[in-house]
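Raw run.cif, mmCIF, C-alpha atoms:
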```cif
data_work
loop_
_atom_site.group_PDB
_atom_site.id
_atom_site.type_symbol
_atom_site.label_atom_id
_atom_site.label_comp_id
_atom_site.auth_asym_id
_atom_site.auth_seq_id
_atom_site.Cartn_x
_atom_site.Cartn_y
_atom_site.Cartn_z
ATOM 1 C CA MET A 1 20.263 -2.769 13.134
ATOM 2 C CA ASP A 2 19.778 0.875 14.055
ATOM 3 C CA LEU A 3 23.319 1.939 14.938
ATOM 4 C CA ASN A 4 22.154 5.200 16.481
ATOM 5 C CA ALA A 5 19.877 3.220 18.810
ATOM 6 C CA VAL A 6 22.839 0.962 19.671
ATOM 7 C CA ARG A 7 24.821 4.076 20.609
ATOM 8 C CA MET A 8 21.956 5.103 22.913
ATOM 9 C CA PHE A 9 21.904 1.625 24.440
ATOM 10 C CA VAL A 10 25.625 1.848 25.190
ATOM 11 C CA ALA A 11 25.068 5.264 26.783
ATOM 12 C CA VAL A 12 22.357 3.816 29.039
ATOM 13 C CA VAL A 13 24.670 1.033 30.215
ATOM 14 C CA GLN A 14 27.528 3.460 30.866
ATOM 15 C CA ALA A 15 25.276 5.984 32.660
ATOM 16 C CA GLY A 16 23.561 3.302 34.761
ATOM 17 C CA SER A 17 20.004 4.431 34.049
ATOM 18 C CA LEU A 18 17.755 5.691 31.269
ATOM 19 C CA SER A 19 17.271 9.078 32.935
ATOM 20 C CA ALA A 20 21.006 9.660 33.420
ATOM 21 C CA ALA A 21 21.670 8.637 29.815
ATOM 22 C CA ALA A 22 18.930 10.945 28.544
ATOM 23 C CA THR A 23 20.557 13.848 30.397
ATOM 24 C CA ARG A 24 23.988 12.932 29.020
ATOM 25 C CA LEU A 25 22.668 12.620 25.460
ATOM 26 C CA GLY A 26 20.565 15.776 25.743
ATOM 27 C CA MET A 27 17.336 14.116 24.660
ATOM 28 C CA PRO A 28 13.904 13.538 26.261
ATOM 29 C CA LEU A 29 13.621 10.432 28.447
ATOM 30 C CA PRO A 30 10.477 9.126 26.645
ATOM 31 C CA THR A 31 12.298 9.358 23.300
ATOM 32 C CA LEU A 32 15.298 7.441 24.602
ATOM 33 C CA SER A 33 13.081 4.780 26.179
ATOM 34 C CA ARG A 34 11.136 4.359 22.936
ATOM 35 C CA ARG A 35 14.329 3.999 20.879
ATOM 36 C CA ILE A 36 15.650 1.275 23.204
ATOM 37 C CA ARG A 37 12.328 -0.614 23.023
ATOM 38 C CA ASP A 38 12.397 -0.309 19.212
ATOM 39 C CA LEU A 39 15.894 -1.824 19.239
ATOM 40 C CA GLU A 40 14.717 -4.710 21.435
ATOM 41 C CA ARG A 41 11.793 -5.374 19.092
ATOM 42 C CA GLN A 42 14.142 -5.273 16.099
ATOM 43 C CA LEU A 43 16.498 -7.810 17.737
ATOM 44 C CA LYS A 44 13.571 -9.800 19.226
ATOM 45 C CA VAL A 45 15.281 -9.942 22.615
ATOM 46 C CA GLN A 46 15.177 -8.000 25.900
ATOM 47 C CA LEU A 47 18.354 -6.023 26.489
ATOM 48 C CA LEU A 48 17.553 -4.224 29.764
ATOM 49 C CA GLU A 49 15.604 -5.077 32.877
ATOM 50 C CA ARG A 50 14.096 -1.792 34.046
ATOM 51 C CA SER A 51 13.310 -0.959 37.671
ATOM 52 C CA VAL A 52 12.952 2.095 39.879
ATOM 53 C CA ARG A 53 16.618 1.682 40.819
ATOM 54 C CA GLY A 54 17.791 1.863 37.210
ATOM 55 C CA ALA A 55 18.419 -0.506 34.295
ATOM 56 C CA ARG A 56 20.225 -3.822 34.518
ATOM 57 C CA LEU A 57 21.653 -5.767 31.588
ATOM 58 C CA THR A 58 20.153 -9.083 30.568
ATOM 59 C CA ASP A 59 22.497 -11.783 29.271
ATOM 60 C CA ALA A 60 21.692 -10.747 25.698
ATOM 61 C CA GLY A 61 22.228 -7.112 26.607
ATOM 62 C CA ALA A 62 25.607 -7.914 28.138
ATOM 63 C CA ARG A 63 26.730 -9.682 24.970
ATOM 64 C CA LEU A 64 25.590 -6.768 22.792
ATOM 65 C CA TYR A 65 27.322 -4.253 25.044
ATOM 66 C CA GLU A 66 30.559 -6.260 25.009
ATOM 67 C CA HIS A 67 30.793 -6.010 21.240
ATOM 68 C CA ALA A 68 28.982 -2.732 20.580
ATOM 69 C CA GLY A 69 30.865 -0.839 23.280
ATOM 70 C CA ARG A 70 34.189 -1.441 21.538
ATOM 71 C CA GLY A 71 32.689 -0.384 18.209
ATOM 72 C CA ILE A 72 31.214 2.820 19.603
ATOM 73 C CA GLU A 73 34.550 3.736 21.202
ATOM 74 C CA THR A 74 36.287 3.168 17.873
ATOM 75 C CA LEU A 75 33.777 5.395 16.095
ATOM 76 C CA LEU A 76 34.217 8.126 18.709
ATOM 77 C CA GLU A 77 37.981 7.912 18.297
ATOM 78 C CA ALA A 78 37.573 8.209 14.516
ATOM 79 C CA GLU A 79 35.317 11.236 15.003
ATOM 80 C CA GLN A 80 37.953 12.871 17.205
ATOM 81 C CA VAL A 81 40.635 12.200 14.595
ATOM 82 C CA ILE A 82 38.515 13.987 11.981
ATOM 83 C CA VAL A 83 37.929 16.917 14.338
ATOM 84 C CA ASN A 84 41.662 17.154 15.054
ATOM 85 C CA ASP A 85 42.493 16.981 11.350
ATOM 86 C CA GLN A 86 40.054 19.804 10.726
ATOM 87 C CA ALA A 87 41.770 21.911 13.380
ATOM 88 C CA HIS A 88 45.230 21.123 12.010
ATOM 89 C CA LEU A 89 44.860 20.645 8.274
ATOM 90 C CA LYS A 90 47.825 19.304 6.371
ATOM 91 C CA GLY A 91 48.104 18.436 2.706
ATOM 92 C CA ARG A 92 48.153 19.819 -0.824
ATOM 93 C CA LEU A 93 45.753 22.173 -2.600
ATOM 94 C CA ARG A 94 45.980 22.560 -6.390
ATOM 95 C CA LEU A 95 44.489 25.799 -7.729
ATOM 96 C CA SER A 96 44.067 27.628 -11.025
ATOM 97 C CA LEU A 97 43.824 31.446 -11.170
ATOM 98 C CA PRO A 98 43.629 34.010 -13.952
ATOM 99 C CA PRO A 99 46.736 36.189 -14.307
ATOM 100 C CA THR A 100 47.162 39.447 -12.366
ATOM 101 C CA PHE A 101 44.298 38.784 -9.938
ATOM 102 C CA GLU A 102 46.040 40.499 -7.033
ATOM 103 C CA PRO A 103 43.197 40.342 -4.469
ATOM 104 C CA TRP A 104 43.384 36.564 -4.628
ATOM 105 C CA TRP A 105 47.098 36.653 -3.835
ATOM 106 C CA GLU A 106 46.167 38.310 -0.548
ATOM 107 C CA LEU A 107 43.477 35.692 0.047
ATOM 108 C CA LEU A 108 45.935 32.834 -0.483
ATOM 109 C CA ALA A 109 48.473 34.440 1.852
ATOM 110 C CA ALA A 110 45.801 34.799 4.552
ATOM 111 C CA PHE A 111 44.662 31.204 3.967
ATOM 112 C CA GLN A 112 48.171 29.862 4.470
ATOM 113 C CA ARG A 113 48.661 31.955 7.583
ATOM 114 C CA ARG A 114 45.552 30.255 8.971
ATOM 115 C CA TYR A 115 46.580 26.794 7.709
ATOM 116 C CA PRO A 116 50.400 26.838 7.481
ATOM 117 C CA ASP A 117 50.711 23.110 6.733
ATOM 118 C CA ILE A 118 48.684 23.270 3.522
ATOM 119 C CA GLU A 119 50.911 23.381 0.436
ATOM 120 C CA ILE A 120 49.420 25.351 -2.473
ATOM 121 C CA TYR A 121 50.271 24.514 -6.065
ATOM 122 C CA LEU A 122 49.122 27.445 -8.195
ATOM 123 C CA TYR A 123 48.653 27.316 -11.968
ATOM 124 C CA THR A 124 48.151 30.815 -13.389
ATOM 125 C CA THR A 125 46.667 30.951 -16.856
ATOM 126 C CA GLU A 126 43.920 32.623 -18.843
ATOM 127 C CA ARG A 127 43.324 29.291 -20.591
ATOM 128 C CA ARG A 128 40.258 27.335 -19.497
ATOM 129 C CA VAL A 129 42.012 24.306 -18.068
ATOM 130 C CA ASP A 130 40.402 20.887 -17.744
ATOM 131 C CA LEU A 131 40.203 20.511 -13.974
ATOM 132 C CA VAL A 132 40.116 16.715 -14.000
ATOM 133 C CA GLU A 133 42.782 16.224 -16.664
ATOM 134 C CA ASP A 134 45.109 18.842 -15.183
ATOM 135 C CA GLY A 135 44.531 17.708 -11.590
ATOM 136 C CA ILE A 136 43.098 21.038 -10.367
ATOM 137 C CA ASP A 137 41.055 21.014 -7.153
ATOM 138 C CA VAL A 138 39.477 24.461 -7.537
ATOM 139 C CA ALA A 139 39.690 27.051 -10.330
ATOM 140 C CA LEU A 140 38.831 30.732 -10.114
ATOM 141 C CA ARG A 141 36.911 31.674 -13.255
ATOM 142 C CA VAL A 142 36.037 35.074 -14.689
ATOM 143 C CA GLY A 143 33.128 35.132 -17.122
ATOM 144 C CA ALA A 144 30.594 32.603 -18.325
ATOM 145 C CA ILE A 145 30.792 29.017 -17.070
ATOM 146 C CA VAL A 146 30.944 26.516 -19.916
ATOM 147 C CA HIS A 147 31.867 23.385 -17.930
ATOM 148 C CA GLU A 148 28.417 21.935 -17.303
ATOM 149 C CA ALA A 149 29.889 18.925 -15.468
ATOM 150 C CA MET A 150 31.534 21.168 -12.870
ATOM 151 C CA VAL A 151 30.088 22.827 -9.782
ATOM 152 C CA ALA A 152 30.216 26.637 -9.861
ATOM 153 C CA ARG A 153 30.043 28.738 -6.682
ATOM 154 C CA HIS A 154 29.204 32.319 -7.616
ATOM 155 C CA LEU A 155 31.177 34.942 -5.693
ATOM 156 C CA LEU A 156 30.417 38.323 -7.219
ATOM 157 C CA SER A 157 29.555 40.236 -10.374
ATOM 158 C CA SER A 158 31.416 43.321 -11.595
ATOM 159 C CA ARG A 159 32.426 45.323 -14.669
ATOM 160 C CA ASN A 160 35.697 46.449 -16.179
ATOM 161 C CA ILE A 161 36.295 50.205 -16.176
ATOM 162 C CA LEU A 162 37.416 52.431 -19.039
ATOM 163 C CA VAL A 163 40.304 54.589 -17.844
ATOM 164 C CA ALA A 164 43.045 56.989 -18.881
ATOM 165 C CA SER A 165 45.635 59.054 -17.060
ATOM 166 C CA PRO A 166 44.895 62.701 -16.109
ATOM 167 C CA GLN A 167 47.797 63.719 -18.381
ATOM 168 C CA LEU A 168 46.265 62.031 -21.428
ATOM 169 C CA VAL A 169 42.841 63.529 -20.698
ATOM 170 C CA LYS A 170 44.360 66.990 -20.281
ATOM 171 C CA ARG A 171 46.239 66.609 -23.550
ATOM 172 C CA LEU A 172 43.500 65.075 -25.716
ATOM 173 C CA GLY A 173 40.270 65.947 -23.917
ATOM 174 C CA VAL A 174 37.533 63.949 -22.194
ATOM 175 C CA PRO A 175 35.462 61.786 -24.585
ATOM 176 C CA LYS A 176 31.755 62.567 -24.307
ATOM 177 C CA HIS A 177 30.520 59.637 -26.417
ATOM 178 C CA PRO A 178 31.924 56.173 -27.261
ATOM 179 C CA ASP A 179 32.465 57.251 -30.880
ATOM 180 C CA ALA A 180 35.031 59.787 -29.641
ATOM 181 C CA LEU A 181 37.327 56.870 -28.767
ATOM 182 C CA HIS A 182 38.179 56.542 -32.470
ATOM 183 C CA ASP A 183 40.251 59.702 -32.076
ATOM 184 C CA LEU A 184 42.157 58.512 -29.002
ATOM 185 C CA PRO A 185 45.080 56.079 -28.623
ATOM 186 C CA CYS A 186 43.600 52.874 -27.193
ATOM 187 C CA ALA A 187 44.891 49.570 -25.885
ATOM 188 C CA THR A 188 42.669 46.505 -25.542
ATOM 189 C CA TRP A 189 42.651 43.100 -23.902
ATOM 190 C CA ALA A 190 42.547 40.227 -26.389
ATOM 191 C CA SER A 191 42.626 36.482 -25.851
ATOM 192 C CA ARG A 192 43.883 35.822 -29.414
ATOM 193 C CA ILE A 193 46.523 37.598 -31.424
ATOM 194 C CA ASP A 194 44.176 38.129 -34.390
ATOM 195 C CA GLU A 195 41.125 39.208 -32.379
ATOM 196 C CA GLN A 196 39.408 42.420 -33.460
ATOM 197 C CA ALA A 197 39.307 45.014 -30.689
ATOM 198 C CA ARG A 198 35.702 45.683 -29.640
ATOM 199 C CA TRP A 199 34.150 47.473 -26.676
ATOM 200 C CA ASP A 200 30.476 47.230 -25.789
ATOM 201 C CA LEU A 201 29.832 50.458 -23.916
ATOM 202 C CA GLY A 202 26.292 50.499 -22.600
ATOM 203 C CA GLY A 203 25.076 48.718 -25.722
ATOM 204 C CA HIS A 204 27.022 51.051 -28.008
ATOM 205 C CA VAL A 205 29.656 48.879 -29.715
ATOM 206 C CA VAL A 206 32.853 50.552 -30.916
ATOM 207 C CA GLU A 207 35.972 49.128 -32.525
ATOM 208 C CA PRO A 208 38.738 51.394 -31.249
ATOM 209 C CA ARG A 209 42.027 51.941 -33.041
ATOM 210 C CA ALA A 210 44.116 49.654 -30.843
ATOM 211 C CA LEU A 211 47.768 50.650 -30.680
ATOM 212 C CA LEU A 212 48.254 47.640 -28.422
ATOM 213 C CA ALA A 213 46.289 44.415 -27.936
ATOM 214 C CA THR A 214 47.441 42.023 -25.240
ATOM 215 C CA ASN A 215 46.184 39.318 -22.899
ATOM 216 C CA ASP A 216 48.105 40.892 -19.996
ATOM 217 C CA TYR A 217 46.092 43.372 -17.900
ATOM 218 C CA GLU A 218 49.238 44.348 -16.010
ATOM 219 C CA HIS A 219 50.725 45.651 -19.265
ATOM 220 C CA LEU A 220 47.542 47.642 -19.995
ATOM 221 C CA TYR A 221 47.613 49.011 -16.450
ATOM 222 C CA ARG A 222 51.198 50.236 -16.759
ATOM 223 C CA ARG A 223 50.610 51.857 -20.154
ATOM 224 C CA ALA A 224 47.531 53.661 -18.857
ATOM 225 C CA LEU A 225 49.461 55.016 -15.867
ATOM 226 C CA ARG A 226 52.196 56.244 -18.212
ATOM 227 C CA GLY A 227 49.608 58.312 -20.083
ATOM 228 C CA ASP A 228 50.035 56.365 -23.327
ATOM 229 C CA VAL A 229 46.562 54.913 -23.864
ATOM 230 C CA VAL A 230 42.899 54.662 -23.002
ATOM 231 C CA THR A 231 42.130 51.128 -21.889
ATOM 232 C CA GLU A 232 39.772 48.931 -19.919
ATOM 233 C CA LEU A 233 40.894 47.493 -16.586
ATOM 234 C CA PRO A 234 39.309 45.087 -14.119
ATOM 235 C CA PRO A 235 38.117 46.959 -11.020
ATOM 236 C CA PHE A 236 40.724 45.432 -8.712
ATOM 237 C CA LEU A 237 43.426 47.124 -10.830
ATOM 238 C CA ALA A 238 41.550 50.367 -11.535
ATOM 239 C CA ALA A 239 39.952 51.135 -8.156
ATOM 240 C CA ALA A 240 42.986 52.272 -6.160
ATOM 241 C CA PRO A 241 44.576 54.509 -8.856
ATOM 242 C CA ILE A 242 41.177 56.104 -9.525
ATOM 243 C CA ARG A 243 40.794 56.902 -5.802
ATOM 244 C CA GLU A 244 44.360 58.237 -5.805
ATOM 245 C CA LYS A 245 43.625 60.319 -8.965
ATOM 246 C CA ARG A 246 46.364 58.574 -10.927
ATOM 247 C CA LEU A 247 43.706 57.371 -13.374
ATOM 248 C CA VAL A 248 40.443 58.935 -14.528
ATOM 249 C CA ARG A 249 37.277 56.957 -15.204
ATOM 250 C CA LEU A 250 35.922 57.600 -18.706
ATOM 251 C CA LEU A 251 32.346 57.374 -20.024
ATOM 252 C CA PRO A 252 30.822 56.051 -16.773
ATOM 253 C CA GLN A 253 27.365 56.516 -18.289
ATOM 254 C CA TYR A 254 28.325 53.867 -20.895
ATOM 255 C CA PRO A 255 29.332 50.877 -18.731
ATOM 256 C CA LEU A 256 31.165 47.834 -20.052
ATOM 257 C CA PRO A 257 29.367 44.468 -19.784
ATOM 258 C CA GLU A 258 29.038 42.753 -16.438
ATOM 259 C CA TRP A 259 31.142 39.664 -15.712
ATOM 260 C CA SER A 260 30.890 37.116 -12.948
ATOM 261 C CA LEU A 261 33.523 35.582 -10.691
ATOM 262 C CA ASN A 262 33.067 31.931 -9.768
ATOM 263 C CA LEU A 263 34.881 29.118 -8.024
ATOM 264 C CA LEU A 264 34.744 25.987 -10.160
ATOM 265 C CA TYR A 265 35.395 22.463 -8.886
ATOM 266 C CA PRO A 266 34.549 18.840 -9.767
ATOM 267 C CA PRO A 267 31.320 17.490 -8.243
ATOM 268 C CA HIS A 268 32.895 14.954 -5.895
ATOM 269 C CA ARG A 269 30.354 13.281 -3.649
ATOM 270 C CA HIS A 270 32.834 13.255 -0.766
ATOM 271 C CA GLN A 271 34.857 16.437 -1.044
ATOM 272 C CA SER A 272 38.173 16.615 0.760
ATOM 273 C CA THR A 273 38.297 18.580 4.006
ATOM 274 C CA ILE A 274 40.988 20.864 2.566
ATOM 275 C CA VAL A 275 38.878 21.776 -0.476
ATOM 276 C CA ARG A 276 35.783 22.421 1.667
ATOM 277 C CA THR A 277 37.839 24.577 4.022
ATOM 278 C CA TYR A 278 39.282 26.571 1.113
ATOM 279 C CA LEU A 279 35.838 27.170 -0.421
ATOM 280 C CA ASP A 280 34.448 28.384 2.903
ATOM 281 C CA PHE A 281 37.504 30.579 3.510
ATOM 282 C CA CYS A 282 37.061 32.211 0.081
ATOM 283 C CA GLN A 283 33.449 33.001 0.947
ATOM 284 C CA SER A 284 34.450 34.543 4.279
ATOM 285 C CA PHE A 285 37.198 36.626 2.607
ATOM 286 C CA LEU A 286 34.784 37.926 -0.047
ATOM 287 C CA PRO A 287 34.075 41.316 1.616
ATOM 288 C CA LYS A 288 37.774 42.198 1.275
ATOM 289 C CA ILE A 289 37.681 41.226 -2.419
ATOM 290 C CA VAL A 290 34.613 43.427 -2.922
ATOM 291 C CA ALA A 291 36.344 46.318 -1.151
ATOM 292 C CA ALA A 292 39.357 45.952 -3.444
ATOM 293 C CA CYS A 293 37.050 46.144 -6.484
ATOM 294 C CA THR A 294 35.076 49.190 -5.307
ATOM 295 C CA VAL A 295 35.847 52.503 -6.952
#
```

For the structure just supplied, provide its representation as structure tokens.
Amino acid sequence: MDLNAVRMFVAVVQAGSLSAAATRLGMPLPTLSRRIRDLERQLKVQLLERSVRGARLTDAGARLYEHAGRGIETLLEAEQVIVNDQAHLKGRLRLSLPPTFEPWWELLAAFQRRYPDIEIYLYTTERRVDLVEDGIDVALRVGAIVHEAMVARHLLSSRNILVASPQLVKRLGVPKHPDALHDLPCATWASRIDEQARWDLGGHVVEPRALLATNDYEHLYRRALRGDVVTELPPFLAAAPIREKRLVRLLPQYPLPEWSLNLLYPPHRHQSTIVRTYLDFCQSFLPKIVAACTV
């Protein structure tokens, strides 16, 4: 049975005529009439007796309306419940973020101001967590996506920036070529304690003398501001101090490799309303993220 046609039939009975129902449903009268006739042919019974004064139920039509009317009302009530839930979301959202990603802290604060009854459980790590095993709804990922079974929503692409303080540059000079970095105190980001420091600067690979290697960009940021080291920083950390002249951009003609920012989530066929709302909110907040990453 065509349930959509049944809904139209119920609308005709409640409106009292095909024309009134067509107006209420916002559809052409010939289309509505055809759908009702198709339903009658499917059921092999006449449901309505049509006349110039309107449409009157047959006995079979009355029995169908008695049962279908209750069902349609229940479906409409269920639809309203979903709409209300969407307007007043309540529940739990489990997220994974890389460390020190400050623009996303602002996004989450804005999200919870919009949806104050959503509880956020935030797991901050540079480790590539297993979303299913660790119970994560959505992860923010920097770099290449290696989880082929996951859905990735691309947000933006950017590059880290090589920086130093004006004091360090004044003291030791501005490097004109990547090879000049061998003569400067450098600090690098490293995911492993034994990882060799390496910068790909516009295709020119150098292995700087790293006085410090760490997986904490906040530490690199603080040491650069102190005038201790040359280092690379993600744009959301480097942009503001460069604009404020507390850091200087080095070797801009030799850019570091591009990286991508993605939202990663399991490919559920029926995604929760909270997850869908969060994904859409992230997309709408993206211009502010881009602004925070612009030098």

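Between Val151 in chain A and the candidates A:Gly16, A:Pro266, A:Pro166, A:Pro28, the tightest atom-to-atom separation, counting all atoms listed in the file, involves A:Pro266.
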
Result set of the PyMOL selection byres ((chain A and resi 192-199) around 12) on the coordinates above, as an mmCIF file with C-alpha atoms, keeping the file's coordinate frame:
```cif
data_model
loop_
_atom_site.group_PDB
_atom_site.id
_atom_site.type_symbol
_atom_site.label_atom_id
_atom_site.label_comp_id
_atom_site.auth_asym_id
_atom_site.auth_seq_id
_atom_site.Cartn_x
_atom_site.Cartn_y
_atom_site.Cartn_z
ATOM 1 C CA GLU A 126 43.920 32.623 -18.843
ATOM 2 C CA ARG A 127 43.324 29.291 -20.591
ATOM 3 C CA ASN A 160 35.697 46.449 -16.179
ATOM 4 C CA ILE A 161 36.295 50.205 -16.176
ATOM 5 C CA LEU A 162 37.416 52.431 -19.039
ATOM 6 C CA PRO A 178 31.924 56.173 -27.261
ATOM 7 C CA ASP A 179 32.465 57.251 -30.880
ATOM 8 C CA LEU A 181 37.327 56.870 -28.767
ATOM 9 C CA HIS A 182 38.179 56.542 -32.470
ATOM 10 C CA CYS A 186 43.600 52.874 -27.193
ATOM 11 C CA ALA A 187 44.891 49.570 -25.885
ATOM 12 C CA THR A 188 42.669 46.505 -25.542
ATOM 13 C CA TRP A 189 42.651 43.100 -23.902
ATOM 14 C CA ALA A 190 42.547 40.227 -26.389
ATOM 15 C CA SER A 191 42.626 36.482 -25.851
ATOM 16 C CA ASP A 200 30.476 47.230 -25.789
ATOM 17 C CA LEU A 201 29.832 50.458 -23.916
ATOM 18 C CA GLY A 202 26.292 50.499 -22.600
ATOM 19 C CA GLY A 203 25.076 48.718 -25.722
ATOM 20 C CA HIS A 204 27.022 51.051 -28.008
ATOM 21 C CA VAL A 205 29.656 48.879 -29.715
ATOM 22 C CA VAL A 206 32.853 50.552 -30.916
ATOM 23 C CA GLU A 207 35.972 49.128 -32.525
ATOM 24 C CA PRO A 208 38.738 51.394 -31.249
ATOM 25 C CA ARG A 209 42.027 51.941 -33.041
ATOM 26 C CA ALA A 210 44.116 49.654 -30.843
ATOM 27 C CA LEU A 211 47.768 50.650 -30.680
ATOM 28 C CA LEU A 212 48.254 47.640 -28.422
ATOM 29 C CA ALA A 213 46.289 44.415 -27.936
ATOM 30 C CA THR A 214 47.441 42.023 -25.240
ATOM 31 C CA ASN A 215 46.184 39.318 -22.899
ATOM 32 C CA ASP A 216 48.105 40.892 -19.996
ATOM 33 C CA VAL A 230 42.899 54.662 -23.002
ATOM 34 C CA THR A 231 42.130 51.128 -21.889
ATOM 35 C CA GLU A 232 39.772 48.931 -19.919
ATOM 36 C CA TYR A 254 28.325 53.867 -20.895
ATOM 37 C CA PRO A 255 29.332 50.877 -18.731
ATOM 38 C CA LEU A 256 31.165 47.834 -20.052
ATOM 39 C CA PRO A 257 29.367 44.468 -19.784
#
```

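Shortest separation to Leu48 in chain A among A:Thr273, A:Arg128, A:Arg24, A:Phe9 occurs at residue A:Phe9, atoms counted being all atoms listed in the file.
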
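When CA of Leu263 in chain A is paired with CA of Arg153 in chain A, their separation reads 5.0 Å.
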
Which residues match the PyMOL selection byres ((chain A and resi 13) around 10) in the file above, as a short mmCIF file (atom, residue, chain, number, x, y, z; two decimals) with C-alpha atoms, in the frame of the given file?
```cif
data_model
loop_
_atom_site.label_atom_id
_atom_site.label_comp_id
_atom_site.auth_asym_id
_atom_site.auth_seq_id
_atom_site.Cartn_x
_atom_site.Cartn_y
_atom_site.Cartn_z
CA MET A 8 21.96 5.10 22.91
CA PHE A 9 21.90 1.62 24.44
CA VAL A 10 25.62 1.85 25.19
CA ALA A 11 25.07 5.26 26.78
CA VAL A 12 22.36 3.82 29.04
CA GLN A 14 27.53 3.46 30.87
CA ALA A 15 25.28 5.98 32.66
CA GLY A 16 23.56 3.30 34.76
CA SER A 17 20.00 4.43 34.05
CA LEU A 18 17.76 5.69 31.27
CA ALA A 20 21.01 9.66 33.42
CA ALA A 21 21.67 8.64 29.82
CA LEU A 48 17.55 -4.22 29.76
CA GLY A 54 17.79 1.86 37.21
CA ALA A 55 18.42 -0.51 34.30
CA ARG A 56 20.23 -3.82 34.52
CA LEU A 57 21.65 -5.77 31.59
CA GLY A 61 22.23 -7.11 26.61
CA ALA A 62 25.61 -7.91 28.14
CA TYR A 65 27.32 -4.25 25.04
CA GLY A 69 30.86 -0.84 23.28
#
```

In terms of all atoms listed in the file, the residue from A:Ile289, A:Ile274, A:Leu251, A:Leu25 at minimal distance from Val174 in chain A is A:Leu251

What would the selection look like, as a PDB file with C-alpha atoms, in the frame of the given file, if the PyMOL selection byres ((chain A and resi 173) around 12) were run on the coordinates I just shared?
```pdb
ATOM      1  CA  ALA A 164      43.045  56.989 -18.881  1.00  0.00           C
ATOM      2  CA  SER A 165      45.635  59.054 -17.060  1.00  0.00           C
ATOM      3  CA  PRO A 166      44.895  62.701 -16.109  1.00  0.00           C
ATOM      4  CA  GLN A 167      47.797  63.719 -18.381  1.00  0.00           C
ATOM      5  CA  LEU A 168      46.265  62.031 -21.428  1.00  0.00           C
ATOM      6  CA  VAL A 169      42.841  63.529 -20.698  1.00  0.00           C
ATOM      7  CA  LYS A 170      44.360  66.990 -20.281  1.00  0.00           C
ATOM      8  CA  ARG A 171      46.239  66.609 -23.550  1.00  0.00           C
ATOM      9  CA  LEU A 172      43.500  65.075 -25.716  1.00  0.00           C
ATOM     10  CA  VAL A 174      37.533  63.949 -22.194  1.00  0.00           C
ATOM     11  CA  PRO A 175      35.462  61.786 -24.585  1.00  0.00           C
ATOM     12  CA  LYS A 176      31.755  62.567 -24.307  1.00  0.00           C
ATOM     13  CA  HIS A 177      30.520  59.637 -26.417  1.00  0.00           C
ATOM     14  CA  ALA A 180      35.031  59.787 -29.641  1.00  0.00           C
ATOM     15  CA  LEU A 181      37.327  56.870 -28.767  1.00  0.00           C
ATOM     16  CA  ASP A 183      40.251  59.702 -32.076  1.00  0.00           C
ATOM     17  CA  LEU A 184      42.157  58.512 -29.002  1.00  0.00           C
ATOM     18  CA  PRO A 185      45.080  56.079 -28.623  1.00  0.00           C
ATOM     19  CA  VAL A 230      42.899  54.662 -23.002  1.00  0.00           C
ATOM     20  CA  VAL A 248      40.443  58.935 -14.528  1.00  0.00           C
ATOM     21  CA  LEU A 250      35.922  57.600 -18.706  1.00  0.00           C
TER      22      LEU A 250
END
```

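Between Ala224 in chain A and the residues A:Arg246, A:Gln253, A:Leu286, A:Pro267, the shortest atom-to-atom distance, using all atoms listed in the file, involves A:Arg246.
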
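When CA of Phe281 in chain A is paired with CA of Tyr217 in chain A, their separation reads 26.4 Å.
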
Of A:Glu244, A:Leu122, A:Ser260, A:His88, the one nearest to Thr277 in chain A when counting all atoms listed in the file is A:His88

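Counting from CA of Arg276 in chain A, the distance to CA of Tyr123 in chain A is 19.4 Å.
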